[in-house]
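Chemist: Questions regarding the structure given below will be posed in turn.
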Amino acid sequence: MQAEKLKVLLDWGLDNGVKCPDDVEFVNVGGKGFACIAKSDITEAEFIIPESLIIKSSLAVSFFKVNSNQTSWLKLLIAKLKFDKSSTTVDDENLKAKFAPYIDALPDEIDSPLVWNPSELDLLGNTNLRSSLRIKLYSIFNEWKLIMETLKKHRNEVQAEILNIEETLGQSEDHVYRNITSKVFQHSSETDWWSFPAFLWSHMMFLSRAFPEYVINPSTDPSNVVLLPIIDLLNHDYRSKVEWNQRDGAFGVRKLETVLRGEEIFNNYGGKGNEELLSGYGFVLEENIFDTVALKIQLPLTTVSEITSTTHLFLPTLSDYTTSAFELSSGKETKQMLPKKDSQYKDGVLYLLSKENDAPLRWLLDLFSFLEKSPDESCSSLRVRLQGLQNLRNAIETKLSSTSSTSDRQAAGYDIKEYRARAARIYKSGQTKALKHAVNELKRTEKEWTSQHKGDLLTAKRIMRFDPNFMESELPLLLRTNANSDITLDSYDTLIILWVACKAVFNTCPREAQWAMDAFKAYSDCRENTMASSAEGQHLYQTFFPNGSSRLGQEQFINATEFLQHFSYTRLSNGEVILVKDVNL
Ligand SMILES: C[S@@+](CC[C@H](N)C(=O)[O-])C[C@H]1O[C@@H](n2cnc3c(N)ncnc32)[C@H](O)[C@@H]1O
């Protein structure tokens, strides 16, 4: 059946001026649909489609007599060519008849999770992709609704369909599957061409096989796309070197390397991670070097504007990550760094973490350091950097545990397609690997910083090592306990607070930690005029000195408590508090 449709399509193409290399054959490959195979060694294989066969927005503009949202109208036009039995005429040409060989040969199904059943969706667990699906459906619905509201025909039915879909989208995954997404590829002859499932079908065809129109028409809106019959039979390999070009309105794809006999001739859809490949094209690649995991950080707009107006922090947007095959083939960096507006971050700042590129992790670390710092601290202070790193590591580890966990929803008992189960496994494992890589990179960075700044950090363990006198004699004296009775301190930070207070009382600070004493004195001097108010400090003082202390006043003790809070960071892995010298990294 598919082979017959393919033959009709290829004959139609050849009759109408499509040029393909002589020695290629298109075959049906399990899991991939059609593929183009070289029958001999081919140098610079080139595929050209004439302007007359390119399906572009101008057709939709002419047919629907519209001006805006051209890609949406083009999707509706393709849904009409597929589902409407009557003709669709533009300039006396019946598009339904003209493009029938193309429309008939489009794939029976796309394995995008947009149309997976609930049992298959469960395989995605709590990943970004799973949680973005409903939002994606809403966005496609809104795109459809926007043009439907201006469509003159079928007014009452369209209005009823809009209400019905809107209501369904607010319901359970199972309900959405049964009433909308399961219908996209199991369409009956009754499917209305203007219905939402028909639009969703068309949308998925565009997502998985459209090309940018600007290749043939540089002045067009950059978001406009075209369909290229036959050229769109080429599958994707990110290693494939290709050039997309135009000549006299025709669109060409040329291989820039020799393809050996028996090998597949690939296009290159651009550097896409498995999340984008799976949701848009319904497939994944093992060991995909473009794999990323997205972290979206929501910031109040006041914080965004503080960052953009007072710091040099880099806040990325999606365009900082996208590489299209067209850009790759041009061999030069074509992306322009356009000035960004604060409003671009209203839905969050996007960080795409990957094993291959640590720059986004560094941008994220800069942001977390900024968020950690107090007004009198610098973004590059050692304490701020170390605490920012801890907070970031904590956030990524939380994401990792939710990504690797299985979904907590109830499996719904639908059949699971093995192809989809494998795709879900590979996608999830790529997400987990990218997150683990980020955690390891942060651990390595922390180690590097702490070993470079060993002398600027004081842990409770270090104190006990180089100041044995403190535990053996000074602390019992201060607490008025017997030197032989055990002193129980329930945390490392309590020990450091008592050490700081003790050193101030006895003036016996060892040389290697003198910086901590100097900083404490300076801090206490600054606070002299402010009333010591820390409830935590007061409570701790009363615990240790229920009858007060002639040596250590409450105020000085509270100063030590607050000093530790201001000049320390907490290792989240073990709760250890570490005193940090006020230096820059
Ligand atoms: C532009 S079409 C390519 C032609 C497609 N094989 C067909 O039969 O129509 C894109 C679709 O091809 C398939 N595809 C492309 N590259 C692939 C790859 N490397 N591995 C698996 N499937 C691939 C996916 O189903 C994708 O949605």
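Chain lettering (A, B, ...) mirrors the order of the structure tokens, residue numbering begins at 1 for each chain separately, and ligand numbering begins at 1 in order of display.
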Check the DSSP output for the backbone and give back, as a ChimeraX atom specification, the residues of range 334-461 of chain A in helix (DSSP H, G or I).
Modeler: /A:342-345,359-372,382-404,418-452,454-456,460-461
Chemist: How would the residues just chosen look if you wrote them out with C-alpha atoms as an mmCIF file, in the first residue's frame?
Modeler:
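Below is the file result11.cif, written as the result:
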```
data_model
loop_
_atom_site.group_PDB
_atom_site.id
_atom_site.type_symbol
_atom_site.label_atom_id
_atom_site.label_comp_id
_atom_site.auth_asym_id
_atom_site.auth_seq_id
_atom_site.Cartn_x
_atom_site.Cartn_y
_atom_site.Cartn_z
ATOM 1 C CA ASP A 342 13.182 42.224 29.924
ATOM 2 C CA SER A 343 9.708 41.105 28.864
ATOM 3 C CA GLN A 344 11.300 38.204 26.967
ATOM 4 C CA TYR A 345 11.834 36.578 30.355
ATOM 5 C CA ALA A 359 28.385 27.307 29.173
ATOM 6 C CA PRO A 360 24.663 27.240 30.175
ATOM 7 C CA LEU A 361 25.625 25.646 33.515
ATOM 8 C CA ARG A 362 28.074 28.494 34.112
ATOM 9 C CA TRP A 363 25.398 31.102 33.249
ATOM 10 C CA LEU A 364 23.094 29.361 35.693
ATOM 11 C CA LEU A 365 25.772 29.363 38.374
ATOM 12 C CA ASP A 366 26.237 33.100 37.851
ATOM 13 C CA LEU A 367 22.476 33.587 38.281
ATOM 14 C CA PHE A 368 22.311 31.491 41.453
ATOM 15 C CA SER A 369 25.269 33.428 42.888
ATOM 16 C CA PHE A 370 23.485 36.679 42.112
ATOM 17 C CA LEU A 371 20.310 35.432 43.799
ATOM 18 C CA GLU A 372 22.301 34.388 46.875
ATOM 19 C CA LEU A 382 33.909 33.278 47.445
ATOM 20 C CA ARG A 383 31.033 32.804 49.895
ATOM 21 C CA VAL A 384 28.412 33.884 47.398
ATOM 22 C CA ARG A 385 29.850 31.614 44.701
ATOM 23 C CA LEU A 386 30.042 28.611 47.004
ATOM 24 C CA GLN A 387 26.532 29.050 48.396
ATOM 25 C CA GLY A 388 25.160 29.769 44.917
ATOM 26 C CA LEU A 389 26.762 26.530 43.768
ATOM 27 C CA GLN A 390 25.185 24.598 46.640
ATOM 28 C CA ASN A 391 21.742 26.019 45.896
ATOM 29 C CA LEU A 392 22.091 25.201 42.222
ATOM 30 C CA ARG A 393 23.288 21.683 42.942
ATOM 31 C CA ASN A 394 20.316 21.185 45.228
ATOM 32 C CA ALA A 395 17.918 22.380 42.497
ATOM 33 C CA ILE A 396 19.485 20.093 39.879
ATOM 34 C CA GLU A 397 19.487 17.095 42.221
ATOM 35 C CA THR A 398 15.786 17.667 42.949
ATOM 36 C CA LYS A 399 15.118 17.776 39.213
ATOM 37 C CA LEU A 400 17.189 14.625 38.744
ATOM 38 C CA SER A 401 15.231 12.668 41.307
ATOM 39 C CA SER A 402 11.892 13.721 39.821
ATOM 40 C CA THR A 403 13.096 12.982 36.265
ATOM 41 C CA SER A 404 14.349 9.501 37.148
ATOM 42 C CA GLU A 418 7.398 -0.936 21.532
ATOM 43 C CA TYR A 419 8.833 1.849 19.339
ATOM 44 C CA ARG A 420 7.447 4.446 21.759
ATOM 45 C CA ALA A 421 8.621 2.561 24.860
ATOM 46 C CA ARG A 422 12.164 2.519 23.468
ATOM 47 C CA ALA A 423 11.976 6.214 22.522
ATOM 48 C CA ALA A 424 10.784 7.086 26.053
ATOM 49 C CA ARG A 425 13.672 5.067 27.558
ATOM 50 C CA ILE A 426 16.301 6.771 25.410
ATOM 51 C CA TYR A 427 14.823 10.224 25.990
ATOM 52 C CA LYS A 428 14.674 9.757 29.777
ATOM 53 C CA SER A 429 18.163 8.344 29.946
ATOM 54 C CA GLY A 430 19.501 11.359 28.002
ATOM 55 C CA GLN A 431 17.774 13.718 30.453
ATOM 56 C CA THR A 432 19.196 11.852 33.422
ATOM 57 C CA LYS A 433 22.700 11.793 31.930
ATOM 58 C CA ALA A 434 22.692 15.543 31.271
ATOM 59 C CA LEU A 435 21.528 16.259 34.846
ATOM 60 C CA LYS A 436 24.107 13.884 36.363
ATOM 61 C CA HIS A 437 26.783 15.506 34.264
ATOM 62 C CA ALA A 438 25.762 18.923 35.624
ATOM 63 C CA VAL A 439 25.881 17.664 39.231
ATOM 64 C CA ASN A 440 29.343 16.150 38.681
ATOM 65 C CA GLU A 441 30.560 19.328 37.060
ATOM 66 C CA LEU A 442 29.354 21.343 40.070
ATOM 67 C CA LYS A 443 31.049 18.909 42.472
ATOM 68 C CA ARG A 444 34.278 19.240 40.489
ATOM 69 C CA THR A 445 34.016 23.041 40.518
ATOM 70 C CA GLU A 446 33.393 23.118 44.270
ATOM 71 C CA LYS A 447 36.440 20.926 44.839
ATOM 72 C CA GLU A 448 38.550 23.192 42.642
ATOM 73 C CA TRP A 449 37.443 26.345 44.485
ATOM 74 C CA THR A 450 37.782 24.875 47.974
ATOM 75 C CA SER A 451 41.249 23.504 47.305
ATOM 76 C CA GLN A 452 42.383 26.837 45.780
ATOM 77 C CA LYS A 454 41.830 26.139 51.583
ATOM 78 C CA GLY A 455 43.267 28.860 53.841
ATOM 79 C CA ASP A 456 40.130 30.987 53.422
ATOM 80 C CA ALA A 460 34.535 22.632 62.480
ATOM 81 C CA LYS A 461 36.819 19.694 61.764
#
```
Chemist: Ligand 1: which residues are within 9 Å, counting only C-alpha atoms and all ligand atoms, as a ChimeraX atom specification?
Modeler: /A:27-36,105-107,109-112,204-205,207-210,230-238,266-269,277-278,280-285
Chemist: I'd like the contact shell of range 39-45 of chain A - 8 Å cut-off, only C-alpha atoms, skipping same-chain residues fewer than 6 positions apart - returned as number ranges by chain.
Modeler: A: 20-21, 23-25, 254-262
Chemist: Go through range 177-279 of chain A and flag each residue having an atom no more than 12 Å from range 88-101 of chain A; for those, report the closest pair of atoms plus their distance in Å to one decimal, using only C-alpha atoms, ordered by chain and rising number, as a tab-separated table.
Modeler:
```
residue	atom	partner	partner_atom	distance
A:Trp193	CA	A:Thr88	CA	11.7
A:Leu227	CA	A:Phe99	CA	11.2
A:Leu228	CA	A:Phe99	CA	11.2
A:Pro229	CA	A:Phe99	CA	9.0
A:Ile230	CA	A:Pro101	CA	10.6
```
Chemist: Would you kindly return, as a ChimeraX atom specification, each protein, DNA or RNA residue with an atom no farther than 12 Å from any atom of Val61 in chain A, considering only C-alpha atoms and excluding same-chain residues fewer than 4 positions away?
Modeler: /A:55-57,65-77,90-91
Chemist: Just want the 12 Å neighbourhood of Asn142 in chain A, counted on only C-alpha atoms, with same-chain residues fewer than 2 positions away dropped. Output as a PyMOL selection string.
Modeler: chain A and resi 72+135-140+144-149+162-163+165-166+169+196+199-200
Chemist: Please save C-alpha atoms of the selected residues as a PDB file, in the first residue's frame.
Modeler:
```pdb
ATOM      1  CA  SER A  72      -1.719  28.663  10.561  1.00  0.00           C
ATOM      2  CA  ILE A 135       0.641  23.343  27.320  1.00  0.00           C
ATOM      3  CA  LYS A 136       1.599  22.410  23.755  1.00  0.00           C
ATOM      4  CA  LEU A 137      -1.930  21.179  23.043  1.00  0.00           C
ATOM      5  CA  TYR A 138      -3.387  24.401  24.412  1.00  0.00           C
ATOM      6  CA  SER A 139      -1.062  26.430  22.255  1.00  0.00           C
ATOM      7  CA  ILE A 140      -2.046  24.495  19.094  1.00  0.00           C
ATOM      8  CA  TRP A 144      -6.510  26.955  15.530  1.00  0.00           C
ATOM      9  CA  LYS A 145      -9.135  28.916  17.461  1.00  0.00           C
ATOM     10  CA  LEU A 146      -7.646  32.249  16.389  1.00  0.00           C
ATOM     11  CA  ILE A 147      -8.082  31.506  12.685  1.00  0.00           C
ATOM     12  CA  MET A 148     -11.350  29.626  13.178  1.00  0.00           C
ATOM     13  CA  GLU A 149     -12.954  32.686  14.692  1.00  0.00           C
ATOM     14  CA  ILE A 162     -14.288  25.337  19.890  1.00  0.00           C
ATOM     15  CA  LEU A 163     -16.366  25.039  23.082  1.00  0.00           C
ATOM     16  CA  ILE A 165     -12.357  21.161  22.618  1.00  0.00           C
ATOM     17  CA  GLU A 166     -11.826  23.874  25.215  1.00  0.00           C
ATOM     18  CA  LEU A 169      -8.605  20.165  27.257  1.00  0.00           C
ATOM     19  CA  PHE A 196      -9.387  20.463  15.705  1.00  0.00           C
ATOM     20  CA  PHE A 199      -5.736  20.767  12.313  1.00  0.00           C
ATOM     21  CA  LEU A 200      -3.634  18.826  14.834  1.00  0.00           C
TER      22      LEU A 200
END
```
Chemist: Near Ser568 in chain A, within 9 Å and counting only C-alpha atoms, which residues show up once chain neighbours fewer than 5 positions away are dropped, as a list of chain:residue names?
Modeler: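 The residues that qualify are A:Arg383, A:Val384, A:Gln387, A:Leu457, A:Leu458, A:Phe563, A:Val577, A:Ile578, A:Leu579, A:Val580, A:Lys581.
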Chemist: Would you write out those residues with C-alpha atoms, as an mmCIF file, in the first residue's frame?
Modeler:
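Output file selection25.cif is given in full below:
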```cif
data_model
loop_
_atom_site.group_PDB
_atom_site.id
_atom_site.type_symbol
_atom_site.label_atom_id
_atom_site.label_comp_id
_atom_site.auth_asym_id
_atom_site.auth_seq_id
_atom_site.Cartn_x
_atom_site.Cartn_y
_atom_site.Cartn_z
ATOM 1 C CA ARG A 383 31.033 32.804 49.895
ATOM 2 C CA VAL A 384 28.412 33.884 47.398
ATOM 3 C CA GLN A 387 26.532 29.050 48.396
ATOM 4 C CA LEU A 457 37.731 28.329 54.722
ATOM 5 C CA LEU A 458 37.181 27.152 58.275
ATOM 6 C CA PHE A 563 28.561 36.579 61.947
ATOM 7 C CA VAL A 577 28.509 24.992 57.799
ATOM 8 C CA ILE A 578 31.822 26.488 56.652
ATOM 9 C CA LEU A 579 33.169 29.897 57.597
ATOM 10 C CA VAL A 580 34.431 31.787 54.518
ATOM 11 C CA LYS A 581 36.879 34.670 54.321
#
```
Chemist: Could you pull the residues within 8 Å of range 507-524 of chain A, counting only C-alpha atoms, minus those fewer than 2 positions along the same chain, as a ChimeraX atom specification?
Modeler: /A:455,458,466-467,500,502-505,526-528,556,559-560,563,579,581
Chemist: I'd like to know which of A:Pro468, A:Val293, A:Tyr569, A:Phe64 is closest to Thr150 in chain A, using only C-alpha atoms.
Modeler: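 Nearest candidate to Thr150 in chain A out of A:Pro468, A:Val293, A:Tyr569, A:Phe64: A:Phe64.
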Chemist: By how many Å are CA of Thr310 in chain A and CA of Thr570 in chain A apart?
Modeler: 27.3 Å
Chemist: Restricting the calculation to only C-alpha atoms: of A:His453, A:Thr292, A:His203, A:Leu121, which residue gets closest to Lys417 in chain A?
Modeler: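 Once distances to Lys417 in chain A are computed over only C-alpha atoms, the minimum belongs to A:Leu121.
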Chemist: Of the candidates A:Gly125, A:Pro476, A:Ile558, A:Ala60, which one gets nearest to Asn224 in chain A if we count only C-alpha atoms?
Modeler: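 Selected residue with least distance to Asn224 in chain A: A:Ala60.
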